[in-house]
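Just final14.cif here, mmCIF, C-alpha atoms:
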```
data_run
#
loop_
_atom_site.label_atom_id
_atom_site.label_comp_id
_atom_site.auth_asym_id
_atom_site.auth_seq_id
_atom_site.Cartn_x
_atom_site.Cartn_y
_atom_site.Cartn_z
CA MET E 21 69.96 85.65 99.07
CA SER E 22 67.31 85.83 96.34
CA ALA E 23 63.60 85.06 96.65
CA GLY E 24 64.15 81.99 94.46
CA TRP E 25 66.86 80.70 96.76
CA PHE E 26 64.58 81.12 99.78
CA ARG E 27 61.74 79.20 98.11
CA ARG E 28 64.06 76.33 97.19
CA ARG E 29 65.54 76.20 100.68
CA PHE E 30 62.48 76.68 102.89
CA LEU E 31 59.42 76.12 100.68
CA PRO E 32 60.17 72.93 98.69
CA GLY E 33 57.76 71.70 96.09
CA GLY E 34 56.73 75.07 94.72
CA PRO E 35 57.08 75.68 90.99
CA LEU E 36 60.16 77.66 90.03
CA PRO E 37 60.50 79.79 86.93
CA ALA E 38 62.80 78.47 84.24
CA PRO E 39 66.25 80.07 84.40
CA ARG E 40 66.87 82.82 81.90
CA PRO E 41 69.49 82.00 79.24
CA PRO E 42 72.71 83.98 79.61
CA ARG E 43 72.96 87.06 77.46
CA ALA E 44 75.96 88.19 75.51
CA SER E 45 78.26 90.76 77.10
CA PRO E 46 78.08 94.24 75.51
CA VAL E 47 81.88 94.18 75.09
CA PRO E 48 84.36 91.34 74.47
CA TYR E 49 86.53 90.30 77.38
CA ARG E 50 90.10 91.58 77.22
CA ARG E 51 93.03 92.69 79.32
CA PRO E 52 94.48 96.23 79.25
CA ARG E 53 95.95 97.19 75.88
CA PHE E 54 99.33 98.04 77.33
CA LEU E 55 99.74 94.37 78.38
CA ARG E 56 99.87 93.20 74.79
CA GLY E 57 103.02 91.22 74.18
CA SER E 58 103.46 90.38 77.85
CA GLY E 59 102.19 86.78 77.57
CA SER E 60 98.92 84.88 77.24
CA CYS E 61 95.85 86.51 78.76
CA PRO E 62 94.32 84.66 81.70
CA GLY E 63 90.79 83.53 81.04
CA PRO E 64 88.54 80.49 81.09
CA ALA E 65 91.30 78.29 79.68
CA ASP E 66 93.32 78.86 82.83
CA ALA E 67 90.73 77.28 85.17
CA PRO E 68 91.11 75.59 87.53
CA ARG E 69 93.59 78.07 89.04
CA ARG E 70 95.65 77.12 92.05
CA PRO E 71 96.54 80.09 94.28
CA GLU E 72 100.23 79.20 94.11
CA ALA E 73 100.11 79.05 90.29
CA ARG E 74 98.48 82.41 89.58
CA PRO E 75 100.78 84.37 87.24
CA VAL E 76 101.62 88.01 87.90
CA ARG E 77 101.56 89.98 84.65
CA CYS E 78 103.17 93.32 83.82
CA PRO E 79 103.87 95.29 80.60
CA ALA E 80 106.48 93.98 78.18
CA ARG E 81 109.97 95.39 78.70
CA GLY E 82 109.79 97.57 75.60
CA ARG E 83 106.44 99.17 76.44
CA ALA E 84 106.75 102.31 78.55
CA LEU E 85 103.75 103.70 80.42
CA PRO E 86 103.24 107.44 81.10
CA TRP E 87 105.90 108.81 83.47
CA ASN E 88 107.59 105.39 83.31
CA ALA E 89 104.93 104.16 85.72
CA GLY E 90 104.92 100.53 86.78
CA TYR E 91 101.99 98.13 86.56
CA ALA E 92 101.26 94.55 87.58
CA GLU E 93 98.16 92.41 87.98
CA ILE E 94 97.07 88.97 89.14
CA ILE E 95 93.81 87.11 88.51
CA ASN E 96 91.67 85.85 91.37
CA ALA E 97 91.86 82.31 92.75
CA GLU E 98 88.71 80.92 91.08
CA LYS E 99 86.47 83.58 92.61
CA SER E 100 85.16 84.24 89.10
CA GLU E 101 85.83 83.01 85.59
CA PHE E 102 87.54 86.21 84.47
CA ASN E 103 89.80 88.86 85.94
CA GLU E 104 87.21 91.53 86.75
CA ASP E 105 89.80 94.30 87.22
CA GLN E 106 90.62 96.60 84.32
CA ALA E 107 93.23 99.31 83.88
CA ALA E 108 93.90 102.18 81.48
CA CYS E 109 96.54 104.86 81.11
CA GLY E 110 97.74 107.33 78.52
CA LYS E 111 98.31 110.92 77.50
CA LEU E 112 95.45 113.42 77.60
CA CYS E 113 95.58 115.77 74.60
CA ILE E 114 93.20 118.63 75.31
CA ARG E 115 92.30 121.00 72.48
CA ARG E 116 91.02 124.53 72.75
CA CYS E 117 87.43 125.38 71.78
CA GLU E 118 86.46 128.58 69.97
CA PHE E 119 83.20 130.03 68.76
CA GLY E 120 82.62 130.18 65.01
CA VAL E 121 83.99 133.25 63.25
CA GLU E 122 80.61 134.19 61.77
CA GLU E 123 77.94 135.78 63.94
CA ASP E 124 75.43 133.02 63.18
CA GLN E 125 77.87 130.26 64.06
CA GLU E 126 76.93 129.45 67.63
CA TRP E 127 78.62 126.08 67.75
CA LEU E 128 82.16 125.49 69.00
CA ASN E 129 85.09 124.67 66.76
CA LEU E 130 87.92 122.52 68.09
CA CYS E 131 91.32 123.96 67.25
CA PRO E 132 93.50 121.25 65.68
CA GLU E 133 96.57 121.95 67.82
CA GLU E 134 96.97 120.65 71.35
CA PHE E 135 96.40 123.41 73.86
CA LEU E 136 97.10 121.47 77.03
CA THR E 137 98.43 118.01 77.77
CA GLY E 138 98.24 115.79 80.81
CA HIS E 139 98.41 112.12 81.78
CA TYR E 140 95.90 109.62 83.05
CA TRP E 141 96.00 106.37 85.03
CA ALA E 142 92.85 104.44 86.01
CA LEU E 143 91.84 101.22 87.76
CA PHE E 144 88.37 99.66 87.61
CA ASP E 145 87.25 96.74 89.78
CA GLY E 146 84.19 95.01 88.37
CA HIS E 147 81.50 93.15 90.28
CA GLY E 148 78.84 90.95 88.75
CA GLY E 149 81.13 90.32 85.78
CA PRO E 150 83.84 92.26 83.91
CA ALA E 151 81.55 94.13 81.47
CA ALA E 152 81.15 97.40 83.40
CA ALA E 153 84.89 97.62 84.14
CA ILE E 154 85.77 97.08 80.47
CA LEU E 155 83.23 99.71 79.40
CA ALA E 156 84.64 102.18 81.94
CA ALA E 157 88.22 101.53 80.79
CA ASN E 158 87.14 102.14 77.18
CA THR E 159 85.04 105.23 77.90
CA LEU E 160 86.05 107.34 80.90
CA HIS E 161 89.16 108.94 79.41
CA SER E 162 87.18 110.14 76.37
CA CYS E 163 84.47 111.59 78.63
CA LEU E 164 87.13 113.37 80.67
CA ARG E 165 88.85 114.83 77.62
CA ARG E 166 85.57 116.27 76.35
CA GLN E 167 84.79 117.82 79.72
CA LEU E 168 88.27 119.34 79.99
CA GLU E 169 88.05 120.78 76.48
CA ALA E 170 84.87 122.57 77.51
CA ILE E 171 86.69 124.47 80.29
CA VAL E 172 90.29 124.60 79.06
CA GLU E 173 90.18 128.39 78.62
CA GLY E 174 89.66 128.78 82.34
CA MET E 175 92.58 126.50 83.21
CA VAL E 176 95.34 128.79 81.95
CA THR E 177 94.68 131.55 84.50
CA SER E 178 95.08 131.54 88.27
CA GLN E 179 91.43 132.55 88.64
CA PRO E 180 88.87 131.39 86.05
CA PRO E 181 86.83 134.13 84.35
CA MET E 182 83.06 134.22 84.72
CA HIS E 183 82.75 133.64 80.96
CA LEU E 184 85.28 131.16 79.60
CA SER E 185 85.09 132.91 76.23
CA GLY E 186 86.74 135.93 77.88
CA HIS E 187 83.68 138.16 77.41
CA CYS E 188 82.87 140.25 80.50
CA VAL E 189 79.18 141.08 80.87
CA CYS E 190 79.39 142.66 84.29
CA PRO E 191 82.41 144.69 85.53
CA SER E 192 82.17 142.98 88.91
CA ASP E 193 82.33 139.43 87.45
CA PRO E 194 85.88 138.83 88.76
CA GLN E 195 84.73 139.87 92.23
CA PHE E 196 81.88 137.36 92.18
CA VAL E 197 84.27 134.58 91.14
CA GLU E 198 86.70 135.57 93.88
CA GLU E 199 83.98 135.67 96.53
CA LYS E 200 82.98 132.13 95.59
CA GLY E 201 86.60 131.04 96.00
CA ILE E 202 86.63 129.44 92.56
CA ARG E 203 90.10 128.22 91.57
CA THR E 204 91.46 126.57 88.44
CA GLU E 205 91.54 123.20 90.18
CA ASP E 206 87.79 123.53 90.83
CA LEU E 207 87.24 123.41 87.07
CA VAL E 208 89.21 120.18 86.81
CA ILE E 209 87.27 118.70 89.73
CA GLY E 210 84.02 119.67 88.01
CA ALA E 211 85.25 118.10 84.76
CA LEU E 212 86.08 114.87 86.61
CA GLU E 213 82.67 114.79 88.29
CA SER E 214 80.88 115.36 84.98
CA ALA E 215 83.03 112.79 83.19
CA PHE E 216 82.26 110.14 85.81
CA GLN E 217 78.55 110.89 85.53
CA GLU E 218 78.65 110.75 81.73
CA CYS E 219 80.56 107.47 81.80
CA ASP E 220 78.06 106.05 84.29
CA GLU E 221 75.25 106.83 81.85
CA VAL E 222 77.09 105.13 78.99
CA ILE E 223 77.62 102.00 81.09
CA ARG E 224 73.99 101.97 82.23
CA ARG E 225 72.71 102.19 78.64
CA GLU E 226 75.07 99.50 77.36
CA LEU E 227 74.29 97.08 80.16
CA GLU E 228 70.56 97.69 79.85
CA ALA E 229 70.64 97.14 76.08
CA SER E 230 72.40 93.81 76.50
CA GLY E 231 70.36 92.70 79.51
CA GLN E 232 73.47 92.58 81.69
CA GLY E 233 73.95 93.60 85.32
CA GLY E 234 76.94 94.44 87.45
CA GLY E 235 79.04 97.51 88.02
CA CYS E 236 82.56 98.59 88.86
CA THR E 237 84.60 100.82 91.09
CA ALA E 238 86.82 103.55 89.62
CA LEU E 239 90.09 105.06 90.84
CA VAL E 240 91.66 107.66 88.54
CA ALA E 241 94.79 109.83 88.73
CA VAL E 242 95.15 112.78 86.33
CA SER E 243 98.19 115.04 86.05
CA LEU E 244 97.56 118.57 84.79
CA LYS E 245 99.65 121.74 85.16
CA GLY E 246 101.70 120.59 88.15
CA LYS E 247 98.82 119.00 90.06
CA LEU E 248 97.77 115.39 90.47
CA TYR E 249 94.02 114.85 90.78
CA VAL E 250 92.96 111.54 92.35
CA ALA E 251 89.27 110.71 91.89
CA ASN E 252 87.69 107.72 93.58
CA ALA E 253 84.32 105.97 93.59
CA GLY E 254 84.49 102.58 95.27
CA ASP E 255 86.87 100.66 97.50
CA SER E 256 90.16 100.92 95.62
CA ARG E 257 92.85 103.11 97.18
CA ALA E 258 95.72 105.47 96.33
CA ILE E 259 98.50 106.60 98.67
CA LEU E 260 101.52 108.90 98.37
CA VAL E 261 104.70 107.29 99.68
CA ARG E 262 107.66 109.53 100.54
CA ARG E 263 110.78 109.00 102.58
CA ASP E 264 109.16 110.23 105.80
CA GLU E 265 105.46 110.36 104.94
CA VAL E 266 102.54 108.15 103.94
CA ARG E 267 99.58 110.23 102.75
CA PRO E 268 96.19 108.74 101.78
CA LEU E 269 94.95 110.23 98.51
CA SER E 270 91.53 108.55 98.56
CA SER E 271 88.92 107.21 100.93
CA GLU E 272 87.02 104.00 100.27
CA PHE E 273 83.30 103.82 99.71
CA THR E 274 82.32 100.58 101.47
CA PRO E 275 79.04 99.04 102.62
CA GLU E 276 79.76 100.42 106.08
CA THR E 277 80.64 103.98 105.06
CA GLU E 278 77.71 104.10 102.62
CA ARG E 279 75.22 102.23 104.79
CA GLN E 280 72.86 105.09 105.69
CA ARG E 281 72.94 106.66 102.23
CA ILE E 282 72.03 103.34 100.61
CA GLN E 283 69.28 102.64 103.12
CA GLN E 284 67.81 106.09 102.62
CA LEU E 285 67.73 105.56 98.84
CA ALA E 286 65.83 102.33 99.43
CA PHE E 287 63.42 104.20 101.73
CA VAL E 288 62.74 106.86 99.09
CA TYR E 289 62.73 104.43 96.14
CA PRO E 290 61.45 101.07 97.47
CA GLU E 291 61.06 99.77 93.92
CA LEU E 292 64.86 99.48 93.79
CA LEU E 293 64.62 96.58 96.22
CA ALA E 294 62.80 94.49 93.59
CA ASP E 295 61.56 92.04 96.26
CA GLU E 296 65.16 90.81 96.55
CA PHE E 297 66.44 93.02 99.38
CA THR E 298 65.37 94.75 102.55
CA ARG E 299 66.62 98.20 103.46
CA LEU E 300 67.09 97.11 107.09
CA GLU E 301 70.51 96.08 108.35
CA PHE E 302 70.89 93.01 110.58
CA PRO E 303 73.98 91.78 112.45
CA ARG E 304 74.03 88.75 110.13
CA ARG E 305 72.13 87.29 107.21
CA LEU E 306 68.74 86.03 108.43
CA LYS E 307 67.75 82.36 108.30
CA GLY E 308 64.48 80.49 108.30
CA ASP E 309 64.60 79.95 112.07
CA ASP E 310 64.58 83.75 112.53
CA LEU E 311 61.04 83.93 111.19
CA GLY E 312 58.75 85.42 113.85
CA GLN E 313 61.62 86.19 116.21
CA LYS E 314 62.65 89.54 117.64
CA VAL E 315 66.01 90.31 116.00
CA LEU E 316 68.29 93.33 116.09
CA PHE E 317 68.11 95.78 113.19
CA ARG E 318 68.75 99.38 112.23
CA ASP E 319 67.23 101.63 109.57
CA HIS E 320 68.53 104.57 107.53
CA HIS E 321 67.92 107.14 110.29
CA MET E 322 69.62 105.08 113.01
CA SER E 323 73.16 104.77 114.30
CA GLY E 324 71.99 102.54 117.18
CA TRP E 325 70.08 99.25 117.07
CA LEU E 326 66.54 98.11 117.95
CA GLY E 327 64.73 94.79 118.31
CA TYR E 328 62.35 94.04 115.46
CA TRP E 329 59.28 91.76 115.30
CA GLU E 330 57.88 91.04 111.88
CA HIS E 331 56.02 88.29 110.05
CA TRP E 332 57.66 88.73 106.66
CA LEU E 333 55.24 89.07 103.77
CA SER E 334 58.11 88.62 101.31
CA PRO E 335 60.44 86.17 103.06
CA GLY E 336 62.84 86.15 100.13
CA ALA E 337 63.74 89.79 100.72
CA TRP E 338 66.03 89.14 103.64
CA GLU E 339 69.28 90.20 102.02
CA THR E 340 70.44 93.54 103.39
CA ILE E 341 71.15 96.13 100.72
CA SER E 342 74.48 96.98 102.37
CA SER E 343 76.35 94.57 100.14
CA GLU E 344 79.16 94.96 97.62
CA SER E 345 76.81 95.45 94.69
CA TRP E 346 75.28 98.50 96.37
CA THR E 347 78.46 100.36 97.23
CA GLN E 348 79.24 103.61 95.45
CA THR E 349 80.40 102.50 91.99
CA PHE E 350 79.59 102.90 88.34
CA SER E 351 76.15 101.59 87.44
CA SER E 352 74.86 98.43 89.03
CA SER E 353 72.18 96.53 87.18
CA PRO E 354 69.56 98.79 85.59
CA SER E 355 66.82 97.28 87.74
CA CYS E 356 68.43 98.26 91.01
CA SER E 357 70.84 101.12 90.30
CA PRO E 358 71.72 102.53 93.72
CA SER E 359 71.75 106.19 92.88
CA PRO E 360 70.85 108.62 90.10
CA ARG E 361 74.25 110.23 90.56
CA LEU E 362 77.73 109.31 91.72
CA ASN E 363 79.26 110.56 94.94
CA LEU E 364 82.81 111.14 93.79
CA GLN E 365 85.72 112.02 96.06
CA VAL E 366 88.55 114.06 94.49
CA THR E 367 91.89 114.80 96.19
CA VAL E 368 94.30 117.37 94.72
CA LEU E 369 98.05 116.94 95.20
CA ASP E 370 100.00 120.13 94.33
CA MET E 371 103.33 118.70 93.22
CA ASP E 372 104.82 122.17 92.77
CA GLN E 373 104.51 122.64 96.53
CA LEU E 374 106.32 119.39 97.35
CA GLU E 375 110.09 119.02 97.56
CA LEU E 376 109.98 115.79 95.61
CA GLN E 377 112.62 113.11 96.14
CA GLU E 378 113.67 110.39 93.73
CA GLU E 379 111.77 107.64 95.55
CA ASP E 380 108.46 109.54 95.93
CA VAL E 381 105.68 107.50 94.31
CA VAL E 382 101.91 107.17 94.22
CA VAL E 383 100.65 103.61 94.67
CA MET E 384 97.18 102.90 93.25
CA ALA E 385 95.63 99.48 93.74
CA THR E 386 92.33 97.65 93.80
CA ASP E 387 90.99 96.30 97.08
CA GLY E 388 92.64 92.89 96.72
CA LEU E 389 95.94 94.46 97.77
CA TRP E 390 94.58 96.54 100.63
CA ASP E 391 92.64 93.59 102.06
CA VAL E 392 95.93 92.17 103.35
CA LEU E 393 98.43 95.07 103.27
CA SER E 394 98.12 98.34 105.20
CA ASN E 395 99.34 101.72 103.97
CA GLU E 396 102.35 101.46 106.28
CA GLN E 397 103.26 97.96 105.09
CA VAL E 398 103.13 99.09 101.46
CA ALA E 399 105.27 102.12 102.32
CA ARG E 400 107.90 99.91 103.99
CA LEU E 401 108.06 97.70 100.90
CA VAL E 402 108.44 100.76 98.65
CA ARG E 403 111.20 102.28 100.78
CA GLY E 404 113.01 98.97 101.03
CA PHE E 405 112.96 98.31 97.27
CA LEU E 406 113.52 101.57 95.37
CA PRO E 407 116.82 102.88 96.85
CA GLY E 408 118.67 99.70 95.87
CA ASN E 409 117.28 99.59 92.32
CA ARG E 410 117.82 103.15 91.04
CA GLU E 411 119.63 102.00 87.90
CA ASP E 412 116.89 99.58 86.83
CA PRO E 413 114.63 101.25 84.22
CA HIS E 414 111.89 98.72 84.97
CA ARG E 415 112.00 99.10 88.75
CA PHE E 416 108.50 100.51 89.13
CA SER E 417 106.84 97.54 87.40
CA GLU E 418 109.07 95.23 89.42
CA LEU E 419 107.93 97.04 92.57
CA ALA E 420 104.29 96.56 91.53
CA GLN E 421 105.00 92.83 91.06
CA MET E 422 106.66 92.63 94.46
CA LEU E 423 103.67 94.26 96.13
CA ILE E 424 101.40 91.60 94.62
CA HIS E 425 103.76 88.77 95.57
CA SER E 426 103.63 90.09 99.14
CA THR E 427 99.90 89.29 99.24
CA GLN E 428 100.30 85.63 98.28
CA GLY E 429 101.26 84.15 101.66
CA LYS E 430 104.84 83.24 100.81
CA ASN E 431 107.43 82.64 103.50
CA ASP E 432 108.75 86.17 103.13
CA SER E 433 105.24 87.66 103.03
CA HIS E 434 104.79 91.02 104.71
CA THR E 435 101.13 90.44 105.52
CA ALA E 436 99.89 89.74 109.02
CA GLU E 437 100.26 86.01 109.76
CA GLY E 438 100.91 85.28 106.08
CA GLN E 439 97.44 86.33 104.92
CA VAL E 440 96.63 85.60 101.29
CA SER E 441 94.52 87.70 98.94
CA TYR E 442 92.46 85.51 96.64
CA ASP E 443 90.94 88.50 94.86
CA ASP E 444 91.96 90.12 91.58
CA ILE E 445 94.72 92.67 92.23
CA SER E 446 95.86 95.49 89.94
CA VAL E 447 98.60 97.96 90.93
CA PHE E 448 100.01 101.16 89.41
CA VAL E 449 103.22 102.66 90.83
CA ILE E 450 103.57 106.24 89.57
CA PRO E 451 106.95 107.99 90.11
CA LEU E 452 106.65 111.71 90.71
CA TYR E 453 110.20 113.04 90.74
CA SER E 454 111.97 112.77 87.37
CA GLN E 455 108.92 113.15 85.14
CA HIS E 456 107.62 116.14 87.08
CA GLN E 457 111.03 117.80 87.20
CA GLY E 458 111.98 117.15 83.59
CA SER E 459 108.74 117.41 81.64
CA ARG E 460 106.02 119.30 83.50
CA ASP E 461 102.68 119.39 81.73
CA HIS E 462 102.48 122.53 79.60
#
```

Reformat the file's structure so that it appears as structure tokens.
Amino acid sequence: MSAGWFRRRFLPGGPLPAPRPPRASPVPYRRPRFLRGSGSCPGPADAPRRPEARPVRCPARGRALPWNAGYAEIINAEKSEFNEDQAACGKLCIRRCEFGVEEDQEWLNLCPEEFLTGHYWALFDGHGGPAAAILAANTLHSCLRRQLEAIVEGMVTSQPPMHLSGHCVCPSDPQFVEEKGIRTEDLVIGALESAFQECDEVIRRELEASGQGGGCTALVAVSLKGKLYVANAGDSRAILVRRDEVRPLSSEFTPETERQRIQQLAFVYPELLADEFTRLEFPRRLKGDDLGQKVLFRDHHMSGWLGYWEHWLSPGAWETISSESWTQTFSSSPSCSPSPRLNLQVTVLDMDQLELQEEDVVVMATDGLWDVLSNEQVARLVRGFLPGNREDPHRFSELAQMLIHSTQGKNDSHTAEGQVSYDDISVFVIPLYSQHQGSRDH
């Protein structure tokens, strides 16, 4: 609810500013590169879209994704003009850095040969337009590769050295590292955190330069040296599905889980509200008849509720900040970015410690899937599909398609009471067994 909307609704007759002309997106709209050749891209020409006519798209039969992973996506049912989800995947080729051979060469040289390889899968769910998600899909993997190249020397040992160059200044350096409990995986987590922050800055600059707003969630899986790192900022989700186990690999950042953090930011930086929001939370969106009434509210320091009496000086600012655009994601609009840094959650799955079976998979999906399917329902679908399709080389993409079809309210739908997801949905199904057993990252 903007201040302009309030004036039009409750204060008729007042002059309104002329609407600003739309500005060009900083990047052209597109679908993931690995979908090329799979059919026409959904876009404005597809509107109006009937829910029953929304096509499910997956990679062409001849295009293999890393680890033979499966992918499928479906555009929303007229919620927005474009599919605001984006996806990316590929091989990470990490080179080793060395100092210059001459004493006065302080810069780092990148060795031409690959020192370490891994793989990468990522989903981005845009809000306020697809621009931020497209920028993230184009940028994050490059940011991550640079961050990993900066610490690759410390990734080849069980315990990273104090100086990644191998130089030992103090004889007790290894003891200090051990006392801090620093492990190799901590370097990868740090690289992921820095890469997300760097990508967030790139998106913020690009959106600001083009006068655009919006943001996106990010869910990333990275395989390196026998471990799978799952990094999440937003409300997408990843789970591990095994024969007798369903294990969450991420936790969602939602308006509810982030409520107090967001409100506290608004308390410290009230200029972020831009006369469009209030930091207070109400049980529902306020209306004109609530003016001058005592209504329930809670602030950033509260888990309970109080009654509040206020004659609003800025009646347009009645929209609570605990909304989708303020959840923990890559940059929202430059004028109301919710945080100077990202709160990233990283889960590490040690595949060397698992007795992997042929049907063990990781399912990554944007929130459109999880809105109508629970972890257990997805696991049942996975277990019911894979054993009978072992000879099908495309079974993981077909499984991803089936998961999406199960959200569309068909007669055989597995959702509660045939619920339908009208949101964009993107799904990766990543098999762990054969790729990990046959070609472990070196």

Tell me, as a PyMOL selection string, which residues lie within 6 Å of Arg257 (chain E), counting all atoms listed in the file; anything in the same chain fewer than 2 positions away does not count. chain E and resi 270+384-385

Just how far from CA of Arg267 (chain E) is CA of Val402 (chain E), in Å to one decimal?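 CA of Arg267 (chain E) lies at a distance of 13.6 Å from CA of Val402 (chain E).
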
Which residues would end up in the selection if the PyMOL selection byres ((chain E and resi 397) around 12) were applied here, given that I need the answer as a list in words? Ile259, Val261, Val266, Leu389, Trp390, Asp391, Val392, Leu393, Ser394, Asn395, Glu396, Val398, Ala399, Arg400, Leu401, Val402, Arg403, Gly404, Leu423, Ser426, Thr427, Ser433, His434, Thr435 and Ala436 of chain E

Expand the PyMOL selection byres ((chain E and resi 326) around 12) into the explicit residue set it covers here, and present it as an MDAnalysis selection string. chainID E and resid 300:303 314:319 321:325 327:329

Find the axis-aligned box for region 209-221 of chain E, covering all its listed atoms and adding 4 Å on each side, and write its centre and edge lengths in Å to one decimal as JSON.
```
{"center_x": 81.3, "center_y": 112.9, "center_z": 85.7, "size_x": 20.0, "size_y": 21.6, "size_z": 16.0}
```

For Arg279 (chain E), which of E:His414, E:Arg299, E:Arg304, E:Arg51 is the closest residue, counting all atoms listed in the file?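 Nearest to Arg279 (chain E): E:Arg299.
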
For the file shown, report as a list in words the outcome of the PyMOL selection byres ((chain E and resi 256) around 7) at residue level.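 When the PyMOL selection byres ((chain E and resi 256) around 7) is applied, the selected residues are Leu239, Gly254, Asp255, Arg257, Glu272, Ala385, Thr386 and Asp387 of chain E.
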
Return the single residue from E:Arg116, E:Leu419, E:Gly408, E:Ala153 that is closest to Gly233 (chain E), with distances computed using only C-alpha atoms.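 Result for the nearest residue to Gly233 (chain E): E:Ala153.
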